[in-house]
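Structure record follows, encoded as structure tokens.
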Amino acid sequence: MKVSQDRLAEKQFAQGLGIETPAFVPVGSRSDLAAGLKSLGRPAVLKTRRFGYDGRGQWLIRTDADADAAWASLNHVPAILEAFVPFDRELSIIAVRSRQGLMRCYSLIENRHEGGILRQSIAPAPNLAATLTSQAEAAAQAILSELSYVGVLAIEFFDVGGRLLFNEMAPRVHNSGHWSIEGAVTSQFENHLRAILGWELGEAANRGVSAMLNLIGTTPPVEQLLRVPGAHVHLYGKAPRPGRKLGHVTVIAESNDELQQRLGTLREIIASQDLHQAAHQAEQTSTPS
Ligand SMILES: Nc1ncnc2c1ncn2[C@@H]1O[C@H](COP(=O)(O)OP(=O)(O)OP(=O)(O)O)[C@@H](O)[C@H]1O
Ligand SMILES: [Mg+2]
């Protein structure tokens, strides 16, 4: 917990285990920021060391004006400056370690973020070279055993031309593993419980190919989503609010083609709901009450 709550400690920890990360410098003052931008180049990403999620507490810096604005928003909170990584895609791995020290890994997952929020995950990640899986599993092995970790842990990576850079880790079940409820022999949730209870871990193998879409800000009509073959909807019972994760839909298929087709239909349903919602809001704001 202590390591993963602090982005600086976390990246230093990864580097200490020989896991490659984006270049970074600690930032405690305006002059640290200026020096960091010089050494790392631009663009760069300034992040608070603690309490960030869904892209909150992060600023992309391209210009001096960006740097001034980011520094002002930071409000003297300890930060880290990272080189901006021009990644090909984002990948994550979910790993679980039992009390007896046995480890299992789920397949690598391909993630797409929009505005810093996870939008979509696909498992197994398409076009997976064996070297990607071995890099991710080696990193997971090193981290879990170094921490004598028990339970599920997720690691997020940037894939840069087949090289994995460690972005961050989460000592818990992870949004990018929600597909495993229907898409794996044993879900990440069940394996976490098995691990902490000291029970035997379940198999982490995939059942077909899976995709998960987060339902963010609005909930589309559930019965429309469920008409898509292989779709399963999970709602969290939260009040709608822009940018809030209200639920997710997972879809399972036998092949990648079939998955893409089903995913396309789900995305259309979600997009039309978002449009509907935006039109409704525009109408409300333009009508004097
Ligand atoms: N150094 C970087 N270079 C390029 N993109 C980045 C960088 N750091 C973060 N991002 C983008 O912003 C997203 C969110 O960043 P990060 O995972 O560090 O923060 P977070 O707010 O903790 O997210 P989470 O919701 O996973 O907790 C990343 O998934 C990635 O898309
Ligand atoms: Mg993240």
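Residues in the structure tokens are named by chain (A, B, ... in the order shown) and by number from 1 within that chain; ligands are numbered from 1 in the order shown.
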Sort by chain and increasing residue number a table of all residues of chain A within 8 Å of ligand 1, each with its closest pair of atoms and their distance in Å to one decimal, counting only C-alpha atoms and all ligand atoms, and write it as JSON lines.
```
{"residue": "A:Pro22", "atom": "CA", "partner": "ligand 1", "partner_atom_place_in_ligand_line": "1 (N)", "distance": 6.3}
{"residue": "A:Ala44", "atom": "CA", "partner": "ligand 1", "partner_atom_place_in_ligand_line": "1 (N)", "distance": 6.8}
{"residue": "A:Val45", "atom": "CA", "partner": "ligand 1", "partner_atom_place_in_ligand_line": "1 (N)", "distance": 5.6}
{"residue": "A:Lys47", "atom": "CA", "partner": "ligand 1", "partner_atom_place_in_ligand_line": "18 (O)", "distance": 7.6}
{"residue": "A:Gly52", "atom": "CA", "partner": "ligand 1", "partner_atom_place_in_ligand_line": "21 (O)", "distance": 4.9}
{"residue": "A:Tyr53", "atom": "CA", "partner": "ligand 1", "partner_atom_place_in_ligand_line": "21 (O)", "distance": 3.3}
{"residue": "A:Asp54", "atom": "CA", "partner": "ligand 1", "partner_atom_place_in_ligand_line": "25 (O)", "distance": 3.3}
{"residue": "A:Gly55", "atom": "CA", "partner": "ligand 1", "partner_atom_place_in_ligand_line": "21 (O)", "distance": 3.4}
{"residue": "A:Arg56", "atom": "CA", "partner": "ligand 1", "partner_atom_place_in_ligand_line": "21 (O)", "distance": 5.3}
{"residue": "A:Gly57", "atom": "CA", "partner": "ligand 1", "partner_atom_place_in_ligand_line": "21 (O)", "distance": 7.1}
{"residue": "A:Gln58", "atom": "CA", "partner": "ligand 1", "partner_atom_place_in_ligand_line": "21 (O)", "distance": 7.3}
{"residue": "A:Glu82", "atom": "CA", "partner": "ligand 1", "partner_atom_place_in_ligand_line": "1 (N)", "distance": 5.0}
{"residue": "A:Ala83", "atom": "CA", "partner": "ligand 1", "partner_atom_place_in_ligand_line": "1 (N)", "distance": 5.2}
{"residue": "A:Phe84", "atom": "CA", "partner": "ligand 1", "partner_atom_place_in_ligand_line": "3 (N)", "distance": 3.6}
{"residue": "A:Val85", "atom": "CA", "partner": "ligand 1", "partner_atom_place_in_ligand_line": "3 (N)", "distance": 3.8}
{"residue": "A:Pro86", "atom": "CA", "partner": "ligand 1", "partner_atom_place_in_ligand_line": "4 (C)", "distance": 6.1}
{"residue": "A:Phe87", "atom": "CA", "partner": "ligand 1", "partner_atom_place_in_ligand_line": "4 (C)", "distance": 6.9}
{"residue": "A:Glu90", "atom": "CA", "partner": "ligand 1", "partner_atom_place_in_ligand_line": "29 (O)", "distance": 6.9}
{"residue": "A:Arg112", "atom": "CA", "partner": "ligand 1", "partner_atom_place_in_ligand_line": "31 (O)", "distance": 7.4}
{"residue": "A:His113", "atom": "CA", "partner": "ligand 1", "partner_atom_place_in_ligand_line": "31 (O)", "distance": 5.4}
{"residue": "A:Glu114", "atom": "CA", "partner": "ligand 1", "partner_atom_place_in_ligand_line": "31 (O)", "distance": 7.4}
{"residue": "A:Gly115", "atom": "CA", "partner": "ligand 1", "partner_atom_place_in_ligand_line": "12 (O)", "distance": 7.6}
{"residue": "A:Gly116", "atom": "CA", "partner": "ligand 1", "partner_atom_place_in_ligand_line": "13 (C)", "distance": 4.4}
{"residue": "A:Ile117", "atom": "CA", "partner": "ligand 1", "partner_atom_place_in_ligand_line": "25 (O)", "distance": 5.7}
{"residue": "A:Leu118", "atom": "CA", "partner": "ligand 1", "partner_atom_place_in_ligand_line": "25 (O)", "distance": 6.5}
{"residue": "A:Glu156", "atom": "CA", "partner": "ligand 1", "partner_atom_place_in_ligand_line": "17 (O)", "distance": 7.0}
{"residue": "A:Asn167", "atom": "CA", "partner": "ligand 1", "partner_atom_place_in_ligand_line": "18 (O)", "distance": 6.1}
{"residue": "A:Glu168", "atom": "CA", "partner": "ligand 1", "partner_atom_place_in_ligand_line": "17 (O)", "distance": 6.1}
{"residue": "A:Ala170", "atom": "CA", "partner": "ligand 1", "partner_atom_place_in_ligand_line": "27 (O)", "distance": 7.7}
```
Taking 4 positions as the minimum chain separation for residues in the same chain, which residues sit within 7 Å of Pro220 (chain A) when counting only C-alpha atoms? Answer as JSON, numbers by chain.
{"A": [269, 270, 273]}
Taking 6 positions as the minimum chain separation for residues in the same chain, which residues sit within 9 Å of Ser176 (chain A) when counting only C-alpha atoms? Answer as a VMD selection string.
chain A and resid 92 to 94 109 to 111 118 120 to 122 154 212
Only N, CA and C atoms, please: the residues just picked out, written as a PDB file, in the first residue's frame.
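Contents of selection20.pdb, as written:
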```pdb
ATOM      1  N   SER A  92      -2.256  -3.992 -19.501  1.00  0.00           N
ATOM      2  CA  SER A  92      -2.148  -4.250 -18.062  1.00  0.00           C
ATOM      3  C   SER A  92      -2.125  -5.747 -17.837  1.00  0.00           C
ATOM      4  N   ILE A  93      -1.598  -6.116 -16.683  1.00  0.00           N
ATOM      5  CA  ILE A  93      -1.627  -7.519 -16.300  1.00  0.00           C
ATOM      6  C   ILE A  93      -2.209  -7.606 -14.897  1.00  0.00           C
ATOM      7  N   ILE A  94      -3.044  -8.607 -14.693  1.00  0.00           N
ATOM      8  CA  ILE A  94      -3.600  -8.870 -13.367  1.00  0.00           C
ATOM      9  C   ILE A  94      -2.911 -10.134 -12.875  1.00  0.00           C
ATOM     10  N   ILE A 109      -3.916  -7.531 -21.043  1.00  0.00           N
ATOM     11  CA  ILE A 109      -5.150  -6.831 -21.398  1.00  0.00           C
ATOM     12  C   ILE A 109      -4.772  -5.552 -22.135  1.00  0.00           C
ATOM     13  N   GLU A 110      -5.507  -5.243 -23.204  1.00  0.00           N
ATOM     14  CA  GLU A 110      -5.277  -3.974 -23.911  1.00  0.00           C
ATOM     15  C   GLU A 110      -6.314  -2.960 -23.451  1.00  0.00           C
ATOM     16  N   ASN A 111      -5.842  -1.784 -23.033  1.00  0.00           N
ATOM     17  CA  ASN A 111      -6.739  -0.778 -22.458  1.00  0.00           C
ATOM     18  C   ASN A 111      -6.745   0.504 -23.270  1.00  0.00           C
ATOM     19  N   LEU A 118     -10.409   5.004 -17.903  1.00  0.00           N
ATOM     20  CA  LEU A 118     -10.456   3.754 -18.666  1.00  0.00           C
ATOM     21  C   LEU A 118     -11.808   3.634 -19.362  1.00  0.00           C
ATOM     22  N   GLN A 120     -12.167   1.208 -22.311  1.00  0.00           N
ATOM     23  CA  GLN A 120     -12.338  -0.132 -22.884  1.00  0.00           C
ATOM     24  C   GLN A 120     -11.144  -1.037 -22.592  1.00  0.00           C
ATOM     25  N   SER A 121     -11.435  -2.298 -22.289  1.00  0.00           N
ATOM     26  CA  SER A 121     -10.379  -3.303 -22.133  1.00  0.00           C
ATOM     27  C   SER A 121     -10.693  -4.496 -23.020  1.00  0.00           C
ATOM     28  N   ILE A 122      -9.658  -5.083 -23.611  1.00  0.00           N
ATOM     29  CA  ILE A 122      -9.821  -6.294 -24.419  1.00  0.00           C
ATOM     30  C   ILE A 122      -8.850  -7.349 -23.900  1.00  0.00           C
ATOM     31  N   ALA A 154      -2.652  -5.378  -9.867  1.00  0.00           N
ATOM     32  CA  ALA A 154      -2.640  -5.056 -11.297  1.00  0.00           C
ATOM     33  C   ALA A 154      -1.464  -4.152 -11.610  1.00  0.00           C
ATOM     34  N   MET A 212     -14.478  -5.307 -22.338  1.00  0.00           N
ATOM     35  CA  MET A 212     -15.256  -4.615 -21.327  1.00  0.00           C
ATOM     36  C   MET A 212     -15.341  -3.137 -21.679  1.00  0.00           C
TER      37      MET A 212
END
```
For the structure I just gave you, how does DSSP split region 58-174 of chain A - specifically, which residues are strand (DSSP E)? Reply as JSON, numbers by chain.
{"A": [58, 59, 60, 61, 79, 80, 81, 82, 83, 89, 90, 91, 92, 93, 94, 95, 96, 97, 103, 104, 105, 109, 110, 111, 112, 113, 114, 117, 118, 119, 120, 121, 122, 123, 151, 152, 153, 154, 155, 156, 157, 158, 159, 160, 163, 164, 165, 166, 167, 168, 169, 170]}
Deliver the residues from the most recent selection as a file, using C-alpha atoms, as an mmCIF file, in the first residue's frame.
```cif
data_model
loop_
_atom_site.group_PDB
_atom_site.id
_atom_site.type_symbol
_atom_site.label_atom_id
_atom_site.label_comp_id
_atom_site.auth_asym_id
_atom_site.auth_seq_id
_atom_site.Cartn_x
_atom_site.Cartn_y
_atom_site.Cartn_z
ATOM 1 C CA GLN A 58 -2.272 15.356 -13.748
ATOM 2 C CA TRP A 59 -1.211 18.066 -16.152
ATOM 3 C CA LEU A 60 0.221 17.699 -19.634
ATOM 4 C CA ILE A 61 2.877 20.348 -20.136
ATOM 5 C CA ALA A 79 4.740 15.860 -7.376
ATOM 6 C CA ILE A 80 6.554 13.848 -9.996
ATOM 7 C CA LEU A 81 7.332 14.925 -13.549
ATOM 8 C CA GLU A 82 7.356 12.167 -16.178
ATOM 9 C CA ALA A 83 8.465 12.189 -19.764
ATOM 10 C CA ARG A 89 -1.041 1.155 -26.714
ATOM 11 C CA GLU A 90 -1.632 0.564 -23.018
ATOM 12 C CA LEU A 91 -1.539 -2.917 -21.540
ATOM 13 C CA SER A 92 -2.148 -4.250 -18.062
ATOM 14 C CA ILE A 93 -1.627 -7.519 -16.300
ATOM 15 C CA ILE A 94 -3.600 -8.870 -13.367
ATOM 16 C CA ALA A 95 -1.633 -11.227 -11.144
ATOM 17 C CA VAL A 96 -2.585 -13.083 -7.998
ATOM 18 C CA ARG A 97 -0.341 -14.653 -5.363
ATOM 19 C CA MET A 103 1.397 -17.011 -8.547
ATOM 20 C CA ARG A 104 -1.039 -16.948 -11.443
ATOM 21 C CA CYS A 105 -1.338 -14.318 -14.167
ATOM 22 C CA ILE A 109 -5.150 -6.831 -21.398
ATOM 23 C CA GLU A 110 -5.277 -3.974 -23.911
ATOM 24 C CA ASN A 111 -6.739 -0.778 -22.458
ATOM 25 C CA ARG A 112 -8.011 2.408 -24.040
ATOM 26 C CA HIS A 113 -8.327 5.538 -21.907
ATOM 27 C CA GLU A 114 -10.226 8.689 -22.823
ATOM 28 C CA ILE A 117 -10.492 7.421 -17.670
ATOM 29 C CA LEU A 118 -10.456 3.754 -18.666
ATOM 30 C CA ARG A 119 -12.988 3.312 -21.465
ATOM 31 C CA GLN A 120 -12.338 -0.132 -22.884
ATOM 32 C CA SER A 121 -10.379 -3.303 -22.133
ATOM 33 C CA ILE A 122 -9.821 -6.294 -24.419
ATOM 34 C CA ALA A 123 -8.524 -9.639 -23.163
ATOM 35 C CA GLY A 151 -4.074 -11.309 -3.268
ATOM 36 C CA VAL A 152 -4.665 -9.628 -6.623
ATOM 37 C CA LEU A 153 -2.448 -6.854 -7.950
ATOM 38 C CA ALA A 154 -2.640 -5.056 -11.297
ATOM 39 C CA ILE A 155 0.195 -3.452 -13.233
ATOM 40 C CA GLU A 156 -0.328 -0.892 -16.001
ATOM 41 C CA PHE A 157 2.214 -0.626 -18.810
ATOM 42 C CA PHE A 158 2.870 1.414 -21.921
ATOM 43 C CA ASP A 159 3.700 -0.692 -24.986
ATOM 44 C CA VAL A 160 6.327 1.215 -26.957
ATOM 45 C CA ARG A 163 8.933 -2.762 -25.062
ATOM 46 C CA LEU A 164 6.940 -2.475 -21.864
ATOM 47 C CA LEU A 165 7.338 0.559 -19.597
ATOM 48 C CA PHE A 166 5.840 0.333 -16.102
ATOM 49 C CA ASN A 167 3.259 3.098 -15.522
ATOM 50 C CA GLU A 168 1.718 2.187 -12.192
ATOM 51 C CA MET A 169 0.412 -0.641 -10.074
ATOM 52 C CA ALA A 170 -2.752 -1.105 -8.039
#
```
Give the answer as one residue: which of A:Ser31, A:Ser272, A:Pro43, A:Asn175 has the shortest atom-to-atom distance to ligand 2, using only C-alpha atoms and all ligand atoms?
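Among the listed residues, the smallest separation from ligand 2 belongs to A:Asn175.
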For Arg30 (chain A), work out the shell of residues within 10 Å, counting only C-alpha atoms and skipping chain neighbours fewer than 4 positions away, then give it as a list in words.
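Counting only the stated atoms, we get Ala34, Ala35, Gly36, Ala67, Asp68, Trp71, Ala72 and His76 of chain A.
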Can you list every residue in region 13-107 of chain A that DSSP puts in alpha helix (DSSP H), as a list in words?
Phe13, Ala14, Gln15, Gly16, Arg30, Ser31, Asp32, Leu33, Ala34, Ala35, Gly36, Leu37, Lys38, Ser39, Leu40, Asp64, Ala65, Asp66, Ala67, Asp68, Ala69, Ala70, Trp71, Ala72, Ser73 and Leu74 of chain A
Okay, now the selection with C-alpha atoms, as a PDB file, in the first residue's frame?
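What ended up in part-v3.pdb:
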```
ATOM      1  CA  PHE A  13      10.550   0.555  -6.452  1.00  0.00           C
ATOM      2  CA  ALA A  14       9.946  -0.753  -9.997  1.00  0.00           C
ATOM      3  CA  GLN A  15      13.339   0.517 -11.169  1.00  0.00           C
ATOM      4  CA  GLY A  16      14.969  -1.135  -8.166  1.00  0.00           C
ATOM      5  CA  ARG A  30       8.916  25.588  -9.225  1.00  0.00           C
ATOM      6  CA  SER A  31      12.632  25.361  -9.996  1.00  0.00           C
ATOM      7  CA  ASP A  32      12.517  21.519  -9.810  1.00  0.00           C
ATOM      8  CA  LEU A  33       9.766  21.715 -12.417  1.00  0.00           C
ATOM      9  CA  ALA A  34      11.801  24.003 -14.674  1.00  0.00           C
ATOM     10  CA  ALA A  35      14.881  21.779 -14.331  1.00  0.00           C
ATOM     11  CA  GLY A  36      12.783  18.646 -14.932  1.00  0.00           C
ATOM     12  CA  LEU A  37      11.290  20.057 -18.121  1.00  0.00           C
ATOM     13  CA  LYS A  38      14.835  20.797 -19.307  1.00  0.00           C
ATOM     14  CA  SER A  39      16.141  17.323 -18.602  1.00  0.00           C
ATOM     15  CA  LEU A  40      13.098  15.299 -19.700  1.00  0.00           C
ATOM     16  CA  ASP A  64       5.779  27.649 -20.394  1.00  0.00           C
ATOM     17  CA  ALA A  65       2.208  28.795 -19.863  1.00  0.00           C
ATOM     18  CA  ASP A  66       1.181  25.157 -19.276  1.00  0.00           C
ATOM     19  CA  ALA A  67       3.979  24.837 -16.730  1.00  0.00           C
ATOM     20  CA  ASP A  68       2.857  27.970 -14.874  1.00  0.00           C
ATOM     21  CA  ALA A  69      -0.771  26.841 -14.866  1.00  0.00           C
ATOM     22  CA  ALA A  70       0.153  23.312 -13.701  1.00  0.00           C
ATOM     23  CA  TRP A  71       2.371  24.668 -10.965  1.00  0.00           C
ATOM     24  CA  ALA A  72      -0.411  26.993  -9.751  1.00  0.00           C
ATOM     25  CA  SER A  73      -2.970  24.138  -9.699  1.00  0.00           C
ATOM     26  CA  LEU A  74      -0.531  21.862  -7.890  1.00  0.00           C
TER      27      LEU A  74
END
```
Can you pull out the residues contacting Leu147 (chain A)? Cut-off 12 Å, using only C-alpha atoms, and skip same-chain residues under 5 positions away; I want them as a list in words.
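So, after excluding close chain neighbours, the residues are Met1, Lys2, Val3, Ser4, Phe13, Ala14, Leu17, Arg97, Gly101, Ala140, Gln141, Ala142, Leu153 and Pro171 of chain A.
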Which one is closest to ligand 2: A:Ser98, A:Glu268, A:His232, A:His174? Count only C-alpha atoms and all ligand atoms.
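Checking each of A:Ser98, A:Glu268, A:His232, A:His174 against ligand 2, counting only C-alpha atoms and all ligand atoms, the winner is A:His174.
Every protein, DNA or RNA residue with an atom at most 9 Å from region 183-188 of chain A, where only C-alpha atoms count and chain neighbours fewer than 4 positions away do not, is listed here: Ile94, Ala95, Val96, Tyr106, Ala123, Val152, Val173, His174, Gly177, His178, Trp179, His192, Leu193, Leu201, Gly202, Glu203, Ala204, Ala205, Asn206, Arg207, Gly208, Val209, Ser210, Ala211, Thr250, Val251 and Ile252 of chain A.
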